[in-house]
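K.L.:
File final-v7.cif below, mmCIF, C-alpha atoms:
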data_protein
loop_
_atom_site.label_atom_id
_atom_site.label_comp_id
_atom_site.auth_asym_id
_atom_site.auth_seq_id
_atom_site.Cartn_x
_atom_site.Cartn_y
_atom_site.Cartn_z
CA MET U 772 70.82 71.39 86.61
CA VAL U 773 71.60 70.32 83.07
CA HIS U 774 73.81 72.62 81.08
CA MET U 775 72.29 75.83 79.79
CA GLN U 776 72.54 76.94 76.21
CA ARG U 777 73.14 80.27 74.60
CA ARG U 778 70.64 81.56 72.08
CA LYS U 779 72.27 79.83 69.11
CA THR U 780 71.93 76.07 69.26
CA LEU U 781 73.19 73.37 66.99
CA ALA U 782 70.66 71.46 64.94
CA LYS U 783 69.96 67.97 66.14
CA PRO U 784 71.48 65.26 63.94
CA SER U 785 68.99 63.35 61.89
CA CYS U 786 68.39 59.77 62.91
CA PRO U 787 69.93 57.19 60.61
CA GLN U 788 67.37 55.04 58.80
CA ARG U 789 67.06 51.45 59.78
CA SER U 790 65.38 48.74 57.72
CA ARG U 791 63.81 45.46 58.58
CA THR U 792 63.34 42.42 56.31
CA TRP U 793 59.84 41.05 56.41
CA TYR U 794 59.00 37.58 55.13
CA LEU U 795 56.04 36.35 53.09
CA GLU U 796 55.05 32.79 53.82
CA MET U 797 53.16 30.30 51.75
CA SER U 798 51.99 27.98 54.45
CA ILE U 799 52.43 27.31 58.12
CA HIS U 800 53.01 23.84 59.48
CA SER U 801 51.80 23.25 62.96
CA GLY U 802 52.30 20.24 65.11
CA HIS U 803 48.77 19.00 64.30
CA GLY U 804 47.57 16.89 61.38
CA ALA U 805 45.80 18.44 58.42
CA GLY U 806 42.42 17.55 59.74
CA ASP U 807 43.01 18.48 63.36
CA GLU U 808 40.47 21.03 64.48
CA SER U 809 41.88 21.59 67.95
CA ASP U 810 41.72 25.17 69.24
CA ASP U 811 45.25 24.78 70.58
CA GLU U 812 47.51 25.59 67.69
CA GLY U 813 50.67 24.64 69.57
CA GLU U 814 54.09 25.85 68.43
CA VAL U 815 54.32 27.22 64.90
CA PHE U 816 57.29 26.36 62.69
CA LEU U 817 58.39 28.10 59.47
CA ASP U 818 60.40 26.00 57.03
CA GLU U 819 62.94 27.44 54.57
CA GLN U 820 60.87 26.25 51.58
CA ASP U 821 57.87 28.22 52.86
CA ILE U 822 59.64 31.55 52.24
CA ILE U 823 58.84 32.79 48.75
CA GLY U 824 60.64 36.15 48.89
CA GLU U 825 62.13 38.96 50.99
CA ILE U 826 60.84 42.52 50.93
CA PRO U 827 63.04 45.23 52.50
CA ILE U 828 60.90 47.74 54.39
CA ASP U 829 62.17 51.06 55.78
CA GLU U 830 61.20 51.32 59.44
CA GLU U 831 60.22 54.94 58.97
CA ASP U 832 57.46 53.81 56.59
CA LEU U 833 55.85 51.79 59.36
CA PRO U 834 53.23 53.38 61.63
CA ASP U 835 54.66 54.47 64.94
CA GLN U 836 53.04 53.12 68.08
CA ASP U 837 52.61 56.66 69.41
CA GLU U 838 50.91 57.69 66.16
CA GLU U 839 48.52 54.77 66.48
CA MET U 840 47.67 55.87 69.99
CA ASP U 841 47.20 59.46 68.84
CA SER U 842 44.76 58.31 66.16
CA GLU U 843 42.67 56.76 68.88
CA GLY U 844 42.52 60.06 70.71
CA ASP U 845 45.10 62.09 72.65
CA ILE U 846 45.38 61.35 76.35
CA GLU U 847 46.43 64.51 78.16
CA GLU U 848 48.46 64.07 81.31
CA ALA U 849 47.21 65.75 84.47
CA ASP U 850 48.47 69.22 85.33
CA ASP U 851 48.93 69.43 89.10
CA SER U 852 50.16 73.03 89.11
CA ALA U 853 48.14 75.73 90.84
CA TYR U 854 49.53 78.52 88.64
CA THR U 855 51.51 78.74 85.41
CA PHE U 856 53.63 81.68 84.26
CA LYS U 857 53.99 81.81 80.46
CA GLY U 858 55.82 85.08 79.86
CA HIS U 859 58.97 83.47 78.45
CA SER U 860 59.23 82.41 74.81
CA ASP U 861 61.96 79.79 75.19
CA GLU U 862 63.62 77.49 77.73
CA ILE U 863 63.79 78.80 81.33
CA TYR U 864 66.95 78.04 83.28
CA THR U 865 66.81 79.90 86.58
CA VAL U 866 64.29 80.88 89.27
CA ALA U 867 64.38 82.64 92.63
CA CYS U 868 61.72 83.51 95.20
CA SER U 869 61.79 86.68 97.24
CA PRO U 870 62.89 86.02 100.85
CA THR U 871 60.35 88.56 102.13
CA ASN U 872 57.38 88.45 99.72
CA PRO U 873 55.85 84.95 99.33
CA SER U 874 54.22 85.82 96.00
CA LEU U 875 57.19 87.45 94.23
CA VAL U 876 59.23 85.32 91.80
CA ALA U 877 62.04 86.03 89.33
CA THR U 878 62.92 83.86 86.32
CA GLY U 879 65.42 83.99 83.47
CA GLY U 880 66.08 81.97 80.36
CA LYS U 881 67.27 81.36 76.84
CA ASP U 882 65.07 84.12 75.38
CA ASP U 883 67.54 86.70 76.83
CA ARG U 884 64.88 87.95 79.23
CA GLY U 885 64.24 88.05 82.92
CA PHE U 886 60.82 88.44 84.48
CA LEU U 887 59.58 89.56 87.88
CA TRP U 888 56.10 88.18 88.48
CA LYS U 889 53.61 87.38 91.22
CA ILE U 890 52.04 84.02 91.92
CA GLY U 891 48.34 84.05 91.11
CA SER U 892 48.45 87.35 89.28
CA ALA U 893 46.55 87.77 86.04
CA ASP U 894 49.03 90.27 84.60
CA ALA U 895 52.00 89.35 82.43
CA GLY U 896 54.65 90.30 84.98
CA LEU U 897 57.46 92.82 84.64
CA GLU U 898 59.90 92.08 81.84
CA LEU U 899 63.48 92.81 82.89
CA GLN U 900 64.89 94.07 79.62
CA GLY U 901 68.42 94.78 78.49
CA HIS U 902 70.31 91.48 78.32
CA GLN U 903 71.66 90.39 74.93
CA ASP U 904 72.13 86.68 75.67
CA THR U 905 70.77 83.90 77.89
CA VAL U 906 69.82 85.01 81.41
CA SER U 907 71.63 82.27 83.29
CA THR U 908 71.09 83.29 86.92
CA VAL U 909 68.76 85.37 89.10
CA ALA U 910 69.06 86.07 92.84
CA PHE U 911 67.35 88.25 95.45
CA SER U 912 69.29 90.13 98.12
CA PHE U 913 68.82 88.93 101.72
CA ASP U 914 66.26 91.68 102.44
CA GLY U 915 64.37 91.24 99.17
CA GLN U 916 64.97 94.84 98.14
CA LEU U 917 67.20 94.07 95.18
CA LEU U 918 67.26 91.47 92.41
CA ALA U 919 70.32 90.56 90.36
CA THR U 920 70.07 89.04 86.88
CA GLY U 921 73.25 87.62 85.35
CA SER U 922 73.73 86.71 81.72
CA PHE U 923 76.04 85.11 79.20
CA ASP U 924 76.35 88.62 77.75
CA GLY U 925 78.81 89.40 80.55
CA LEU U 926 76.55 91.81 82.42
CA ILE U 927 74.70 91.77 85.74
CA HIS U 928 71.67 94.01 86.09
CA VAL U 929 70.52 95.01 89.57
CA TRP U 930 66.83 95.87 89.94
CA ASP U 931 64.79 97.61 92.62
CA THR U 932 62.07 95.04 93.40
CA THR U 933 59.63 97.66 94.69
CA SER U 934 59.65 99.97 91.67
CA GLY U 935 60.88 97.43 89.10
CA SER U 936 63.44 99.95 87.89
CA LEU U 937 67.04 99.18 86.91
CA LYS U 938 69.31 100.33 89.73
CA CYS U 939 72.69 99.64 88.11
CA THR U 940 74.59 97.49 85.63
CA LEU U 941 77.72 95.64 86.75
CA GLU U 942 80.36 94.67 84.19
CA GLY U 943 83.09 92.07 84.23
CA SER U 944 85.45 91.13 81.43
CA GLY U 945 82.69 90.59 78.91
CA GLU U 946 82.62 86.82 79.31
CA GLY U 947 79.39 85.17 80.48
CA PHE U 948 78.38 84.79 84.12
CA GLU U 949 77.47 81.31 85.37
CA TRP U 950 75.99 82.27 88.76
CA VAL U 951 75.35 85.19 91.11
CA LYS U 952 75.17 85.18 94.92
CA TRP U 953 74.45 87.90 97.49
CA HIS U 954 76.17 88.36 100.83
CA PRO U 955 73.91 86.88 103.55
CA ARG U 956 73.62 90.22 105.36
CA GLY U 957 74.55 92.93 102.88
CA HIS U 958 74.34 94.22 99.33
CA LEU U 959 77.58 92.68 98.12
CA ILE U 960 77.39 90.50 95.00
CA ILE U 961 79.78 87.79 93.86
CA ALA U 962 79.58 86.16 90.45
CA GLY U 963 81.44 83.33 88.73
CA SER U 964 82.50 83.90 85.16
CA GLU U 965 83.52 81.93 82.12
CA ASP U 966 86.69 84.06 82.14
CA THR U 967 87.99 81.95 85.13
CA ASN U 968 87.51 84.81 87.63
CA VAL U 969 85.14 85.57 90.50
CA TRP U 970 83.93 89.17 90.65
CA MET U 971 82.62 91.09 93.67
CA TRP U 972 80.74 94.40 93.68
CA ASN U 973 79.01 96.73 96.10
CA ALA U 974 75.53 96.97 94.57
CA ASP U 975 74.57 100.06 96.57
CA LYS U 976 77.51 102.01 95.17
CA SER U 977 77.73 100.19 91.82
CA THR U 978 81.45 99.67 92.36
CA LEU U 979 83.76 96.72 91.70
CA LEU U 980 85.47 95.69 94.94
CA LYS U 981 87.55 92.64 94.08
CA THR U 982 88.46 90.23 91.31
CA PHE U 983 89.46 86.80 92.58
CA SER U 984 91.87 85.18 90.11
CA GLY U 985 93.39 81.72 90.18
CA HIS U 986 91.01 79.22 88.65
CA GLY U 987 92.12 77.71 85.36
CA SER U 988 88.69 77.36 83.76
CA SER U 989 85.10 78.59 84.02
CA VAL U 990 83.91 79.16 87.60
CA THR U 991 80.84 76.95 87.71
CA CYS U 992 79.63 77.30 91.31
CA GLY U 993 80.24 79.32 94.45
CA ASP U 994 78.82 81.11 97.46
CA PHE U 995 79.51 83.04 100.63
CA THR U 996 79.60 80.96 103.78
CA PRO U 997 76.44 81.58 105.85
CA ASP U 998 78.44 83.75 108.29
CA GLY U 999 79.59 85.89 105.37
CA LYS U 1000 83.28 85.63 106.24
CA VAL U 1001 84.54 83.35 103.48
CA ILE U 1002 83.88 82.68 99.79
CA CYS U 1003 84.04 79.17 98.31
CA THR U 1004 84.18 78.66 94.53
CA GLY U 1005 84.35 75.60 92.29
CA SER U 1006 85.59 75.42 88.73
CA ASP U 1007 85.64 73.29 85.65
CA ASP U 1008 89.36 72.93 86.41
CA ALA U 1009 88.40 70.35 89.10
CA SER U 1010 89.44 72.60 92.00
CA LEU U 1011 87.77 74.30 94.95
CA ARG U 1012 89.19 77.64 96.09
CA ILE U 1013 88.54 79.28 99.45
CA TRP U 1014 88.89 83.07 99.55
CA ASN U 1015 89.10 85.92 102.04
CA PRO U 1016 86.55 88.45 100.71
CA LYS U 1017 88.19 91.39 102.48
CA THR U 1018 91.69 90.94 101.10
CA GLY U 1019 91.00 88.91 97.96
CA GLU U 1020 93.54 86.34 99.14
CA CYS U 1021 93.11 82.70 98.20
CA ILE U 1022 93.33 80.92 101.55
CA HIS U 1023 93.18 77.34 100.28
CA VAL U 1024 93.21 75.47 96.98
CA VAL U 1025 91.70 71.97 97.04
CA ARG U 1026 92.65 69.82 94.06
CA GLY U 1027 94.30 66.56 93.08
CA HIS U 1028 94.04 63.20 94.84
CA PRO U 1029 91.88 62.42 96.77
CA TYR U 1030 89.67 65.26 95.46
CA HIS U 1031 87.66 65.48 92.22
CA THR U 1032 89.16 64.38 88.92
CA ASP U 1033 86.81 66.40 86.70
CA GLY U 1034 85.06 69.75 86.73
CA LEU U 1035 82.94 70.81 89.71
CA THR U 1036 79.25 71.30 88.97
CA CYS U 1037 77.75 72.33 92.32
CA LEU U 1038 78.48 73.11 95.95
CA SER U 1039 76.63 73.77 99.17
CA ILE U 1040 77.89 74.93 102.56
CA THR U 1041 76.73 73.73 105.98
CA SER U 1042 74.84 76.22 108.16
CA ASP U 1043 77.74 76.51 110.63
CA SER U 1044 80.05 77.59 107.77
CA SER U 1045 82.48 74.73 108.49
CA ILE U 1046 82.03 72.26 105.61
CA ALA U 1047 81.72 72.69 101.86
CA VAL U 1048 80.04 69.82 100.03
CA THR U 1049 80.99 69.67 96.36
CA GLY U 1050 79.77 67.63 93.38
CA SER U 1051 81.47 66.94 90.07
CA LYS U 1052 81.16 65.55 86.58
CA ASP U 1053 83.31 62.67 87.87
CA SER U 1054 80.22 61.36 89.77
CA SER U 1055 81.75 61.90 93.23
CA VAL U 1056 80.79 64.10 96.17
CA HIS U 1057 83.42 65.44 98.57
CA LEU U 1058 83.36 67.11 101.97
CA VAL U 1059 85.95 69.83 102.55
CA ASN U 1060 86.89 71.43 105.86
CA ILE U 1061 86.78 75.13 105.02
CA ALA U 1062 89.14 76.17 107.84
CA THR U 1063 91.90 73.74 106.87
CA GLY U 1064 91.21 73.31 103.17
CA ARG U 1065 91.40 69.53 103.50
CA ALA U 1066 89.10 67.05 101.76
CA ILE U 1067 87.86 65.06 104.73
CA SER U 1068 85.47 62.60 103.11
CA SER U 1069 84.44 61.16 99.76
CA LEU U 1070 80.87 60.11 99.01
CA THR U 1071 80.87 57.68 96.10
CA ALA U 1072 77.49 56.21 95.18
CA HIS U 1073 76.58 58.08 91.98
CA SER U 1074 77.65 56.65 88.63
CA ASN U 1075 77.27 59.79 86.51
CA SER U 1076 77.62 63.56 86.83
CA VAL U 1077 76.32 65.06 90.10
CA GLU U 1078 74.12 68.01 89.15
CA PHE U 1079 72.90 69.45 92.43
CA ILE U 1080 73.53 69.39 96.19
CA GLY U 1081 71.18 70.47 98.96
CA ILE U 1082 72.02 70.34 102.67
CA ALA U 1083 69.14 69.48 105.00
CA PRO U 1084 68.16 72.42 107.21
CA SER U 1085 67.35 70.40 110.32
CA ALA U 1086 69.54 67.27 110.20
CA PRO U 1087 73.18 66.40 109.37
CA TRP U 1088 72.11 65.13 105.96
CA ALA U 1089 72.56 66.17 102.36
CA ALA U 1090 70.75 65.28 99.16
CA THR U 1091 72.46 64.97 95.79
CA GLY U 1092 70.94 64.54 92.35
CA GLY U 1093 72.72 63.04 89.36
CA MET U 1094 72.38 62.08 85.74
CA ASP U 1095 72.50 58.44 86.86
CA GLN U 1096 68.76 58.84 87.59
CA LYS U 1097 69.25 58.91 91.35
CA LEU U 1098 68.57 61.22 94.24
CA ILE U 1099 70.81 60.12 97.11
CA ILE U 1100 70.25 61.15 100.71
CA TRP U 1101 73.46 61.07 102.73
CA ASP U 1102 74.28 60.96 106.41
CA LEU U 1103 77.16 63.47 106.50
CA GLN U 1104 78.37 62.44 109.96
CA ARG U 1105 78.84 58.84 108.86
CA SER U 1106 79.63 59.62 105.19
CA ALA U 1107 77.10 56.96 104.32
CA VAL U 1108 74.08 56.58 102.05
CA ARG U 1109 70.75 56.73 103.86
CA PHE U 1110 68.61 56.19 100.78
CA ALA U 1111 69.04 56.02 97.00
CA CYS U 1112 65.85 57.21 95.33
CA ASP U 1113 65.39 56.03 91.74
CA HIS U 1114 63.99 58.19 88.94
CA GLU U 1115 62.93 57.52 85.36
CA GLU U 1116 65.63 59.85 84.00
CA GLY U 1117 68.42 62.14 85.22
CA VAL U 1118 67.92 64.32 88.31
CA THR U 1119 68.72 67.94 87.43
CA CYS U 1120 67.83 69.90 90.57
CA LEU U 1121 66.48 69.58 94.09
CA THR U 1122 65.42 71.61 97.11
CA TRP U 1123 64.54 70.83 100.70
CA LEU U 1124 61.03 72.00 101.64
CA GLY U 1125 61.67 74.56 104.35
CA THR U 1126 62.83 73.00 107.61
CA SER U 1127 60.90 69.78 106.98
CA HIS U 1128 62.33 66.33 106.28
CA TYR U 1129 60.96 66.39 102.73
CA VAL U 1130 63.06 67.04 99.64
CA ALA U 1131 61.79 67.80 96.11
CA SER U 1132 63.61 66.62 92.99
CA GLY U 1133 63.33 67.86 89.41
CA CYS U 1134 63.95 65.45 86.57
CA VAL U 1135 64.69 65.28 82.86
CA ASP U 1136 61.28 63.56 82.44
CA GLY U 1137 59.51 66.78 83.48
CA LYS U 1138 58.23 65.37 86.78
CA ILE U 1139 58.73 66.74 90.29
CA ARG U 1140 58.86 64.20 93.07
CA ILE U 1141 58.58 64.73 96.81
CA TRP U 1142 60.68 62.36 98.93
CA ASP U 1143 60.48 61.60 102.65
CA SER U 1144 64.09 61.58 103.86
CA LEU U 1145 63.08 59.52 106.92
CA SER U 1146 61.85 56.59 104.85
CA GLY U 1147 63.28 57.16 101.37
CA ASN U 1148 59.80 56.89 99.89
CA CYS U 1149 58.34 59.04 97.14
CA VAL U 1150 55.21 60.52 98.69
CA ARG U 1151 54.02 62.67 95.79
CA THR U 1152 54.67 63.16 92.08
CA PHE U 1153 53.72 66.45 90.43
CA SER U 1154 52.94 66.54 86.71
CA GLY U 1155 52.47 69.55 84.46
CA HIS U 1156 55.76 70.23 82.72
CA THR U 1157 56.44 68.62 79.35
CA ASP U 1158 60.23 68.89 79.31
CA THR U 1159 63.30 68.90 81.58
CA ILE U 1160 62.99 70.66 84.95
CA GLN U 1161 65.91 73.09 85.22
CA ALA U 1162 65.48 74.60 88.69
CA LEU U 1163 63.31 74.46 91.83
CA THR U 1164 62.79 76.82 94.74
CA VAL U 1165 60.35 77.33 97.60
CA THR U 1166 58.41 80.49 98.45
CA ALA U 1167 59.18 82.42 101.63
CA ASP U 1168 56.12 81.07 103.44
CA GLY U 1169 56.94 77.47 102.50
CA ASN U 1170 53.53 76.88 100.94
CA SER U 1171 54.53 76.74 97.28
CA LEU U 1172 57.18 75.09 95.15
CA VAL U 1173 58.17 76.95 91.98
CA SER U 1174 59.74 75.13 89.04
CA VAL U 1175 61.10 76.20 85.66
CA SER U 1176 61.53 74.02 82.61
CA ASP U 1177 62.82 73.69 79.08
CA ASP U 1178 59.13 73.75 78.07
CA GLY U 1179 59.20 77.54 78.54
CA THR U 1180 56.90 77.69 81.56
CA ALA U 1181 57.26 78.31 85.28
CA ARG U 1182 54.79 76.40 87.43
CA VAL U 1183 53.67 76.66 91.03
CA PHE U 1184 52.75 73.58 93.06
CA ILE U 1185 51.18 73.63 96.51
CA VAL U 1186 53.38 71.87 99.07
CA SER U 1187 51.94 73.21 102.34
CA GLU U 1188 51.10 69.66 103.47
CA PHE U 1189 54.84 68.87 103.58
CA ARG U 1190 55.86 71.76 105.83
#
Spell out the structure here as structure tokens.
P.N.:
Amino acid sequence: MVHMQRRKTLAKPSCPQRSRTWYLEMSIHSGHGAGDESDDEGEVFLDEQDIIGEIPIDEEDLPDQDEEMDSEGDIEEADDSAYTFKGHSDEIYTVACSPTNPSLVATGGKDDRGFLWKIGSADAGLELQGHQDTVSTVAFSFDGQLLATGSFDGLIHVWDTTSGSLKCTLEGSGEGFEWVKWHPRGHLIIAGSEDTNVWMWNADKSTLLKTFSGHGSSVTCGDFTPDGKVICTGSDDASLRIWNPKTGECIHVVRGHPYHTDGLTCLSITSDSSIAVTGSKDSSVHLVNIATGRAISSLTAHSNSVEFIGIAPSAPWAATGGMDQKLIIWDLQRSAVRFACDHEEGVTCLTWLGTSHYVASGCVDGKIRIWDSLSGNCVRTFSGHTDTIQALTVTADGNSLVSVSDDGTARVFIVSEFR
């Protein structure tokens, strides 16, 4: 996804004024004689002596094409969403769906608030109060019983999803948290911080278990391996670190040639816990053998920052989205591009639709596109958002796709036909 902002944002610079010189003409000489009445005017020539003066005109004084269209009547774009949640008052950056309840969704954003809400419900949802800065990440535990909300205020709140009550508050160093992940089979939480550390707690006991130190900059991405035995984390220091969660030991550090040359932005781990796939601001994607800590392959087809990685659930493929306006589907076994799927603007997020061969992409243009990874074709485009899509996820039953946007709304789109 594109970078989140704290509450205070810088004002946009004003656009410099441009001016055009327009010419008044006295007469136009065509290629015909004075008495020629032919309908075909032919080429028109303007001689120097025909110009009687120059008038500088500021371009801002001219009517804008969009304004002219508006004067003729606004044309509203179709809204394909089946449900819209409007509880937030500012940009929304993060979304998660309960793994056990297909209607339960959590969101967080720039308004310093999290919400727990139900798809199709007429009520306003449960506001998760208490954060003092942007809610940058939300995540449900594997059993759906608990929800974690992490913020740039340096706190993680853990909520009971049944009662909606605050179970505990987990503290780090006070620096903001970039992401939160749960253990795949327990109530352990890990979180990456701007303070360069990774923190791990037992949410049931509200106790800090480990602090993993070693990165030289903000920890931008990370996760447990699916078997729960290893932690992989990526940093803005252009390194990947592989940790033993029991001892806190750093098993491997992956950095330097032939690895990334700029900060890591995203990672995903194969279902057999053997390979970490990482993306970077340097536009490259790398495959790392988790057991050996060796970079085993480089995928180089993007030309700008790679924002998101998703590994296909039922094939040895991965999808990556980048600010070069491309979604690329890779064959991981051959380290080769299967398809490059073009977008109008940068691709900020993506998700595979259940175990199907379809992948959804979110874009800076506010559109969501569904791609068939067997053909590389776009089979559906969903409209409704009016600004950048920041995150996508799929409900537990696979019937709905939930998106959040800088336009301040979360929207639900029906995708049951792509299951």
K.L.:
List the residues matched by the PyMOL selection byres ((chain U and resi 1149) around 12) in the displayed structure as a PyMOL selection string, ordered by chain and then by residue number.
P.N.:
chain U and resi 1098+1110-1114+1129-1132+1139-1148+1150-1153
K.L.:
Output C-alpha atoms for every residue in the selection just made, as a PDB file, in the coordinates of the input.
P.N.:
ATOM      1  CA  LEU U1098      68.570  61.220  94.240  1.00  0.00           C
ATOM      2  CA  PHE U1110      68.610  56.190 100.780  1.00  0.00           C
ATOM      3  CA  ALA U1111      69.040  56.020  97.000  1.00  0.00           C
ATOM      4  CA  CYS U1112      65.850  57.210  95.330  1.00  0.00           C
ATOM      5  CA  ASP U1113      65.390  56.030  91.740  1.00  0.00           C
ATOM      6  CA  HIS U1114      63.990  58.190  88.940  1.00  0.00           C
ATOM      7  CA  TYR U1129      60.960  66.390 102.730  1.00  0.00           C
ATOM      8  CA  VAL U1130      63.060  67.040  99.640  1.00  0.00           C
ATOM      9  CA  ALA U1131      61.790  67.800  96.110  1.00  0.00           C
ATOM     10  CA  SER U1132      63.610  66.620  92.990  1.00  0.00           C
ATOM     11  CA  ILE U1139      58.730  66.740  90.290  1.00  0.00           C
ATOM     12  CA  ARG U1140      58.860  64.200  93.070  1.00  0.00           C
ATOM     13  CA  ILE U1141      58.580  64.730  96.810  1.00  0.00           C
ATOM     14  CA  TRP U1142      60.680  62.360  98.930  1.00  0.00           C
ATOM     15  CA  ASP U1143      60.480  61.600 102.650  1.00  0.00           C
ATOM     16  CA  SER U1144      64.090  61.580 103.860  1.00  0.00           C
ATOM     17  CA  LEU U1145      63.080  59.520 106.920  1.00  0.00           C
ATOM     18  CA  SER U1146      61.850  56.590 104.850  1.00  0.00           C
ATOM     19  CA  GLY U1147      63.280  57.160 101.370  1.00  0.00           C
ATOM     20  CA  ASN U1148      59.800  56.890  99.890  1.00  0.00           C
ATOM     21  CA  VAL U1150      55.210  60.520  98.690  1.00  0.00           C
ATOM     22  CA  ARG U1151      54.020  62.670  95.790  1.00  0.00           C
ATOM     23  CA  THR U1152      54.670  63.160  92.080  1.00  0.00           C
ATOM     24  CA  PHE U1153      53.720  66.450  90.430  1.00  0.00           C
TER      25      PHE U1153
END
K.L.:
Restricting the calculation to all atoms listed in the file: of U:Val1077, U:Leu1070, U:Ile1100, U:Leu887, which residue gets closest to Asp931 of chain U?
P.N.:
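Counting all atoms listed in the file, the residue closest to Asp931 of chain U is U:Leu887.
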K.L.:
Have a look at U:Lys1138, U:Lys981, U:Lys1000, U:His986 and name the one nearest to Ala1162 of chain U; count all atoms listed in the file.
P.N.:
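Once distances to Ala1162 of chain U are computed over all atoms listed in the file, the minimum belongs to U:Lys1138.
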K.L.:
For this file, the PyMOL selection byres ((chain U and resi 1172-1186) around 7) selects which residues, as a short mmCIF file (atom, residue, chain, number, x, y, z; two decimals) with C-alpha atoms, in the frame of the given file?
P.N.:
data_model
loop_
_atom_site.label_atom_id
_atom_site.label_comp_id
_atom_site.auth_asym_id
_atom_site.auth_seq_id
_atom_site.Cartn_x
_atom_site.Cartn_y
_atom_site.Cartn_z
CA ASP U 851 48.93 69.43 89.10
CA SER U 852 50.16 73.03 89.11
CA ALA U 853 48.14 75.73 90.84
CA TYR U 854 49.53 78.52 88.64
CA THR U 855 51.51 78.74 85.41
CA PHE U 856 53.63 81.68 84.26
CA LYS U 857 53.99 81.81 80.46
CA HIS U 859 58.97 83.47 78.45
CA SER U 860 59.23 82.41 74.81
CA ASP U 861 61.96 79.79 75.19
CA GLU U 862 63.62 77.49 77.73
CA ILE U 863 63.79 78.80 81.33
CA TYR U 864 66.95 78.04 83.28
CA THR U 865 66.81 79.90 86.58
CA VAL U 866 64.29 80.88 89.27
CA HIS U 1156 55.76 70.23 82.72
CA THR U 1157 56.44 68.62 79.35
CA ASP U 1158 60.23 68.89 79.31
CA THR U 1159 63.30 68.90 81.58
CA ILE U 1160 62.99 70.66 84.95
CA GLN U 1161 65.91 73.09 85.22
CA ALA U 1162 65.48 74.60 88.69
CA LEU U 1163 63.31 74.46 91.83
CA THR U 1164 62.79 76.82 94.74
CA VAL U 1165 60.35 77.33 97.60
CA THR U 1166 58.41 80.49 98.45
CA ASN U 1170 53.53 76.88 100.94
CA SER U 1171 54.53 76.74 97.28
CA SER U 1187 51.94 73.21 102.34
CA GLU U 1188 51.10 69.66 103.47
CA PHE U 1189 54.84 68.87 103.58
#
K.L.:
Using all atoms listed in the file, pick whichever of U:Met1094, U:Leu979, U:Ala867, U:Val1048 has the shortest atom-to-atom distance to Gly993 of chain U.
P.N.:
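Among the listed residues, the smallest separation from Gly993 of chain U belongs to U:Val1048.
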K.L.:
Any chance you could work out the residue set of the PyMOL selection byres ((chain U and resi 904) around 8) here, as a ChimeraX atom specification?
P.N.:
/U:777-778,881-883,902-903,905-906,922-924
K.L.:
Counting only C-alpha atoms, what is within 10 Å of Pro1084 of chain U, bar same-chain residues fewer than 2 positions away, as an MDAnalysis selection string?
P.N.:
chainID U and resid 1041:1042 1081:1082 1086:1089 1123:1128
K.L.:
Write a file of the selected residues as a PDB file, keeping the file's coordinate frame, keeping C-alpha atoms.
P.N.:
ATOM      1  CA  THR U1041      76.730  73.730 105.980  1.00  0.00           C
ATOM      2  CA  SER U1042      74.840  76.220 108.160  1.00  0.00           C
ATOM      3  CA  GLY U1081      71.180  70.470  98.960  1.00  0.00           C
ATOM      4  CA  ILE U1082      72.020  70.340 102.670  1.00  0.00           C
ATOM      5  CA  ALA U1086      69.540  67.270 110.200  1.00  0.00           C
ATOM      6  CA  PRO U1087      73.180  66.400 109.370  1.00  0.00           C
ATOM      7  CA  TRP U1088      72.110  65.130 105.960  1.00  0.00           C
ATOM      8  CA  ALA U1089      72.560  66.170 102.360  1.00  0.00           C
ATOM      9  CA  TRP U1123      64.540  70.830 100.700  1.00  0.00           C
ATOM     10  CA  LEU U1124      61.030  72.000 101.640  1.00  0.00           C
ATOM     11  CA  GLY U1125      61.670  74.560 104.350  1.00  0.00           C
ATOM     12  CA  THR U1126      62.830  73.000 107.610  1.00  0.00           C
ATOM     13  CA  SER U1127      60.900  69.780 106.980  1.00  0.00           C
ATOM     14  CA  HIS U1128      62.330  66.330 106.280  1.00  0.00           C
TER      15      HIS U1128
END
K.L.:
For Phe1079 of chain U, please output as a ChimeraX atom specification all residues within 7 Å (counting all atoms listed in the file; exclusion window: fewer than 6 positions along the same chain).
P.N.:
/U:772,1037,1091-1092,1119-1121
K.L.:
Name the residues in contact with Glu949 of chain U at a cut-off of 8 Å, using only C-alpha atoms, excluding same-chain residues fewer than 4 positions from it; report them as a ChimeraX atom specification.
P.N.:
/U:907-908,921-923,962-965,990-992
K.L.:
For atom CA of Lys938 of chain U and atom CA of Asp966 of chain U, quote the distance in Å rounded to one decimal.
P.N.:
25.0 Å
K.L.:
One decimal, Å: what's the distance from atom CA of Gly915 of chain U over to atom CA of His928 of chain U, could you say?
P.N.:
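These atoms are spaced 15.2 Å apart.
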K.L.:
With C-alpha atoms as the atom set, please write segment 927-940 of chain U from the structure just given, as a compact mmCIF listing (two decimals), in the first residue's frame.
P.N.:
# COMPACT_ATOMS: atom_id res chain seq x y z
CA ILE U 927 -1.39 -1.95 20.62
CA HIS U 928 -4.89 -2.47 21.98
CA VAL U 929 -6.27 -6.01 22.16
CA TRP U 930 -10.05 -6.35 22.02
CA ASP U 931 -12.48 -9.15 22.81
CA THR U 932 -14.47 -9.49 19.56
CA THR U 933 -17.49 -11.02 21.29
CA SER U 934 -18.05 -8.33 23.92
CA GLY U 935 -16.20 -5.50 22.14
CA SER U 936 -14.35 -4.72 25.36
CA LEU U 937 -10.68 -3.79 25.66
CA LYS U 938 -8.78 -6.82 26.94
CA CYS U 939 -5.33 -5.25 27.34
CA THR U 940 -2.94 -2.59 26.10
